[in-house]
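Only one structure is covered here, and it is reproduced in the block below.
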Amino acid sequence: MKFAAAYEESRDAVWGYLVYMTKDTALAEDLSQEVFLRMFLHLDKFREEASVRTWALRIARNVFLSYAKKKRPILLEEQEWENLGKSESSSGGNLPEEEILKKEQAERVRQCLMCLEEQERTVLLLRDFEELTYEEVGKIMDLSPEVVKSRIYRARQKFRRIYGQEES
């Protein structure tokens with residue numbers, strides 16, 4: 001497999017995952033570069049037991065966890081998502097009401113996701129946003145598909161509880 005193909009197949013998923021986990025587009029970009037450097041250096045070790053996307057997301061998770069261990073107090077604090085959506089909101093024009101409502105709802109979902117533990121947030125992001133199978137999520141997180149299913153169930157329950165509290 002060529003690196004360019006592996007990069008193209010996994011670029012958006014890796015960047016999206018890291019943006020959600022770090023809440024910082026610049027940091028996500030830096031960590032993405034680390035992920036792709038590791039992929040490039042270890043492409044010969046890719047055994048094709050999983051898809052390239054799954055492999056890349058596993059590396060992304062490991063890179064994020066390594067970074068989080070070093071920066072945990074700063075990284076896990078509640079922060080503003082000021083870097084996300086800057087280009088849309090800074091255009092100067094008024095957004096239609098539907099767009100504003102969509103952005104508010106997306107922000108609310110992000111805030112609720114950030115209230116979850118890292119493991120809960122990761123299973124939800126990989127399964128519901130990246131649409132990976134239970135088996136693929138399990139390979140990324142070193143878990144059996146059954147454990148993944150139960151963690152997803154619990155994470156969804158907790159998310160719904162938090163989301164419901166935010167509504168009231």
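Following the order of the structure tokens, first chain is A, next is B, and so on, with residues numbered from 1 inside each chain and ligands from 1 in the order they appear.
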* **Neighbour list for Glu29 in chain A as number ranges by chain, cut-off 10 Å, only C-alpha atoms, skip fewer than 2 positions in-chain** => A: 14-16, 18-19, 24-27, 31-35
Set the distance at 12 Å and use only C-alpha atoms: which residues neighbour Ala106 in chain A once local chain neighbours fewer than 3 positions away are removed? I'd like the list as a PDB file with N, CA, C and O atoms, in the first residue's frame.
```
ATOM      1  N   TYR A  20     -12.451  16.938  17.649  1.00  0.00           N
ATOM      2  CA  TYR A  20     -13.412  16.685  18.724  1.00  0.00           C
ATOM      3  C   TYR A  20     -12.715  16.433  20.053  1.00  0.00           C
ATOM      4  O   TYR A  20     -13.178  16.879  21.097  1.00  0.00           O
ATOM      5  N   TRP A  81     -15.050  26.972  21.868  1.00  0.00           N
ATOM      6  CA  TRP A  81     -14.759  26.384  20.562  1.00  0.00           C
ATOM      7  C   TRP A  81     -14.520  27.507  19.560  1.00  0.00           C
ATOM      8  O   TRP A  81     -14.983  27.465  18.439  1.00  0.00           O
ATOM      9  N   LEU A  84     -13.401  26.825  15.906  1.00  0.00           N
ATOM     10  CA  LEU A  84     -14.316  26.136  15.004  1.00  0.00           C
ATOM     11  C   LEU A  84     -15.332  27.119  14.456  1.00  0.00           C
ATOM     12  O   LEU A  84     -15.920  27.892  15.174  1.00  0.00           O
ATOM     13  N   GLY A  85     -15.546  27.051  13.168  1.00  0.00           N
ATOM     14  CA  GLY A  85     -16.577  27.868  12.561  1.00  0.00           C
ATOM     15  C   GLY A  85     -16.231  29.332  12.420  1.00  0.00           C
ATOM     16  O   GLY A  85     -17.094  30.135  12.121  1.00  0.00           O
ATOM     17  N   GLU A  99     -29.612  28.174   9.780  1.00  0.00           N
ATOM     18  CA  GLU A  99     -28.174  27.972   9.960  1.00  0.00           C
ATOM     19  C   GLU A  99     -27.753  28.281  11.384  1.00  0.00           C
ATOM     20  O   GLU A  99     -26.935  27.576  11.965  1.00  0.00           O
ATOM     21  N   ILE A 100     -28.318  29.326  11.952  1.00  0.00           N
ATOM     22  CA  ILE A 100     -27.993  29.686  13.331  1.00  0.00           C
ATOM     23  C   ILE A 100     -28.438  28.573  14.273  1.00  0.00           C
ATOM     24  O   ILE A 100     -27.688  28.173  15.170  1.00  0.00           O
ATOM     25  N   LEU A 101     -29.638  28.064  14.066  1.00  0.00           N
ATOM     26  CA  LEU A 101     -30.147  26.979  14.913  1.00  0.00           C
ATOM     27  C   LEU A 101     -29.293  25.719  14.775  1.00  0.00           C
ATOM     28  O   LEU A 101     -29.005  25.050  15.770  1.00  0.00           O
ATOM     29  N   LYS A 102     -28.868  25.404  13.565  1.00  0.00           N
ATOM     30  CA  LYS A 102     -28.007  24.234  13.346  1.00  0.00           C
ATOM     31  C   LYS A 102     -26.681  24.403  14.071  1.00  0.00           C
ATOM     32  O   LYS A 102     -26.174  23.471  14.695  1.00  0.00           O
ATOM     33  N   LYS A 103     -26.113  25.588  13.993  1.00  0.00           N
ATOM     34  CA  LYS A 103     -24.836  25.834  14.666  1.00  0.00           C
ATOM     35  C   LYS A 103     -24.985  25.757  16.174  1.00  0.00           C
ATOM     36  O   LYS A 103     -24.118  25.216  16.861  1.00  0.00           O
ATOM     37  N   VAL A 109     -24.220  19.844  21.138  1.00  0.00           N
ATOM     38  CA  VAL A 109     -23.775  18.451  21.044  1.00  0.00           C
ATOM     39  C   VAL A 109     -22.296  18.369  21.420  1.00  0.00           C
ATOM     40  O   VAL A 109     -21.889  17.503  22.196  1.00  0.00           O
ATOM     41  N   ARG A 110     -21.472  19.282  20.912  1.00  0.00           N
ATOM     42  CA  ARG A 110     -20.040  19.300  21.241  1.00  0.00           C
ATOM     43  C   ARG A 110     -19.826  19.480  22.740  1.00  0.00           C
ATOM     44  O   ARG A 110     -19.007  18.788  23.345  1.00  0.00           O
ATOM     45  N   GLN A 111     -20.563  20.400  23.335  1.00  0.00           N
ATOM     46  CA  GLN A 111     -20.409  20.646  24.770  1.00  0.00           C
ATOM     47  C   GLN A 111     -20.805  19.415  25.582  1.00  0.00           C
ATOM     48  O   GLN A 111     -20.130  19.067  26.548  1.00  0.00           O
ATOM     49  N   CYS A 112     -21.884  18.764  25.177  1.00  0.00           N
ATOM     50  CA  CYS A 112     -22.310  17.550  25.888  1.00  0.00           C
ATOM     51  C   CYS A 112     -21.292  16.433  25.712  1.00  0.00           C
ATOM     52  O   CYS A 112     -21.007  15.693  26.660  1.00  0.00           O
ATOM     53  N   LEU A 113     -20.736  16.302  24.508  1.00  0.00           N
ATOM     54  CA  LEU A 113     -19.710  15.289  24.273  1.00  0.00           C
ATOM     55  C   LEU A 113     -18.495  15.527  25.161  1.00  0.00           C
ATOM     56  O   LEU A 113     -17.903  14.579  25.683  1.00  0.00           O
ATOM     57  N   TYR A 163     -27.563  15.872  27.749  1.00  0.00           N
ATOM     58  CA  TYR A 163     -28.243  16.676  26.728  1.00  0.00           C
ATOM     59  C   TYR A 163     -29.602  17.139  27.249  1.00  0.00           C
ATOM     60  O   TYR A 163     -29.988  18.279  27.051  1.00  0.00           O
TER      61      TYR A 163
END
```
If we count only C-alpha atoms, what is near Met141 in chain A at a cut-off of 8 Å, once residues fewer than 3 positions away on the same chain are taken out, given as a tab-separated table (two decimals) with C-alpha atoms, in the first residue's frame?
```tsv
chain	number	residue	atom	x	y	z
A	58	ARG	CA	-6.10	3.79	16.35
A	137	VAL	CA	-14.05	0.39	17.11
A	138	GLY	CA	-12.88	-2.62	19.12
```
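Distance annotation: of A:Arg53, A:His42, A:Lys23, A:Arg161, the residue with the minimal separation from Ser10 in chain A is A:Arg53; atom set is only C-alpha atoms.
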Could I get the residues of range 100-145 of chain A with an atom no further than 12 Å from an atom of range 155-160 of chain A, each paired with its nearest atom pair and that distance in Å to one decimal, using only C-alpha atoms, sorted by chain and residue number, as a Markdown table?
```
| residue | atom | partner | partner_atom | distance |
| --- | --- | --- | --- | --- |
| A:Arg108 | CA | A:Phe159 | CA | 11.2 |
| A:Val109 | CA | A:Phe159 | CA | 8.9 |
| A:Arg110 | CA | A:Phe159 | CA | 10.6 |
| A:Gln111 | CA | A:Phe159 | CA | 10.3 |
| A:Cys112 | CA | A:Phe159 | CA | 6.5 |
| A:Leu113 | CA | A:Phe159 | CA | 6.9 |
| A:Met114 | CA | A:Phe159 | CA | 9.7 |
| A:Cys115 | CA | A:Phe159 | CA | 8.3 |
| A:Leu116 | CA | A:Phe159 | CA | 7.2 |
| A:Glu117 | CA | A:Ala155 | CA | 8.8 |
| A:Glu118 | CA | A:Ala155 | CA | 10.4 |
| A:Gln119 | CA | A:Ala155 | CA | 8.7 |
| A:Glu120 | CA | A:Ala155 | CA | 5.1 |
| A:Arg121 | CA | A:Ala155 | CA | 7.3 |
| A:Thr122 | CA | A:Ala155 | CA | 9.5 |
| A:Val123 | CA | A:Ala155 | CA | 7.8 |
| A:Leu124 | CA | A:Ala155 | CA | 7.0 |
| A:Leu125 | CA | A:Ala155 | CA | 10.5 |
| A:Arg127 | CA | A:Arg156 | CA | 10.9 |
| A:Asp128 | CA | A:Arg156 | CA | 9.9 |
```
Atoms to include: N, CA and C atoms. Write the selected residues as a compact mmCIF listing (two decimals), in the first residue's frame.
```
# COMPACT_ATOMS: atom_id res chain seq x y z
N ARG A 108 -24.08 22.63 21.08
CA ARG A 108 -24.63 21.96 22.26
C ARG A 108 -24.20 20.50 22.29
N VAL A 109 -24.22 19.84 21.14
CA VAL A 109 -23.78 18.45 21.04
C VAL A 109 -22.30 18.37 21.42
N ARG A 110 -21.47 19.28 20.91
CA ARG A 110 -20.04 19.30 21.24
C ARG A 110 -19.83 19.48 22.74
N GLN A 111 -20.56 20.40 23.34
CA GLN A 111 -20.41 20.65 24.77
C GLN A 111 -20.80 19.42 25.58
N CYS A 112 -21.88 18.76 25.18
CA CYS A 112 -22.31 17.55 25.89
C CYS A 112 -21.29 16.43 25.71
N LEU A 113 -20.74 16.30 24.51
CA LEU A 113 -19.71 15.29 24.27
C LEU A 113 -18.50 15.53 25.16
N MET A 114 -18.14 16.78 25.34
CA MET A 114 -16.95 17.08 26.14
C MET A 114 -17.18 16.82 27.63
N CYS A 115 -18.43 16.65 28.04
CA CYS A 115 -18.74 16.30 29.44
C CYS A 115 -18.52 14.81 29.69
N LEU A 116 -18.39 14.04 28.62
CA LEU A 116 -18.19 12.59 28.76
C LEU A 116 -16.71 12.30 29.04
N GLU A 117 -16.46 11.14 29.62
CA GLU A 117 -15.08 10.66 29.81
C GLU A 117 -14.47 10.38 28.42
N GLU A 118 -13.16 10.35 28.35
CA GLU A 118 -12.47 10.13 27.06
C GLU A 118 -12.94 8.86 26.39
N GLN A 119 -13.04 7.76 27.12
CA GLN A 119 -13.46 6.47 26.54
C GLN A 119 -14.88 6.55 25.99
N GLU A 120 -15.77 7.19 26.73
CA GLU A 120 -17.17 7.32 26.29
C GLU A 120 -17.24 8.18 25.03
N ARG A 121 -16.54 9.29 25.05
CA ARG A 121 -16.53 10.19 23.90
C ARG A 121 -15.95 9.49 22.68
N THR A 122 -14.88 8.73 22.87
CA THR A 122 -14.24 8.05 21.75
C THR A 122 -15.16 7.01 21.11
N VAL A 123 -15.82 6.18 21.92
CA VAL A 123 -16.69 5.16 21.31
C VAL A 123 -17.83 5.81 20.55
N LEU A 124 -18.39 6.89 21.09
CA LEU A 124 -19.47 7.57 20.37
C LEU A 124 -18.98 8.22 19.08
N LEU A 125 -17.84 8.87 19.14
CA LEU A 125 -17.32 9.51 17.93
C LEU A 125 -17.01 8.48 16.85
N ARG A 127 -18.17 5.35 16.51
CA ARG A 127 -19.34 4.60 16.06
C ARG A 127 -20.37 5.51 15.37
N ASP A 128 -20.76 6.60 16.03
CA ASP A 128 -21.86 7.41 15.52
C ASP A 128 -21.45 8.48 14.51
```
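Among the candidate residues A:Ala60, A:Ile162, A:Val52, A:Val148, the one lying nearest to Phe3 in chain A is A:Val52, with distances computed using only C-alpha atoms.
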* Interatomic distance, CA of Glu107 in chain A to CA of Glu131 in chain A (Å, one decimal) ->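 Taking CA of Glu107 in chain A as the start and CA of Glu131 in chain A as the end point, the length is 20.2 Å.
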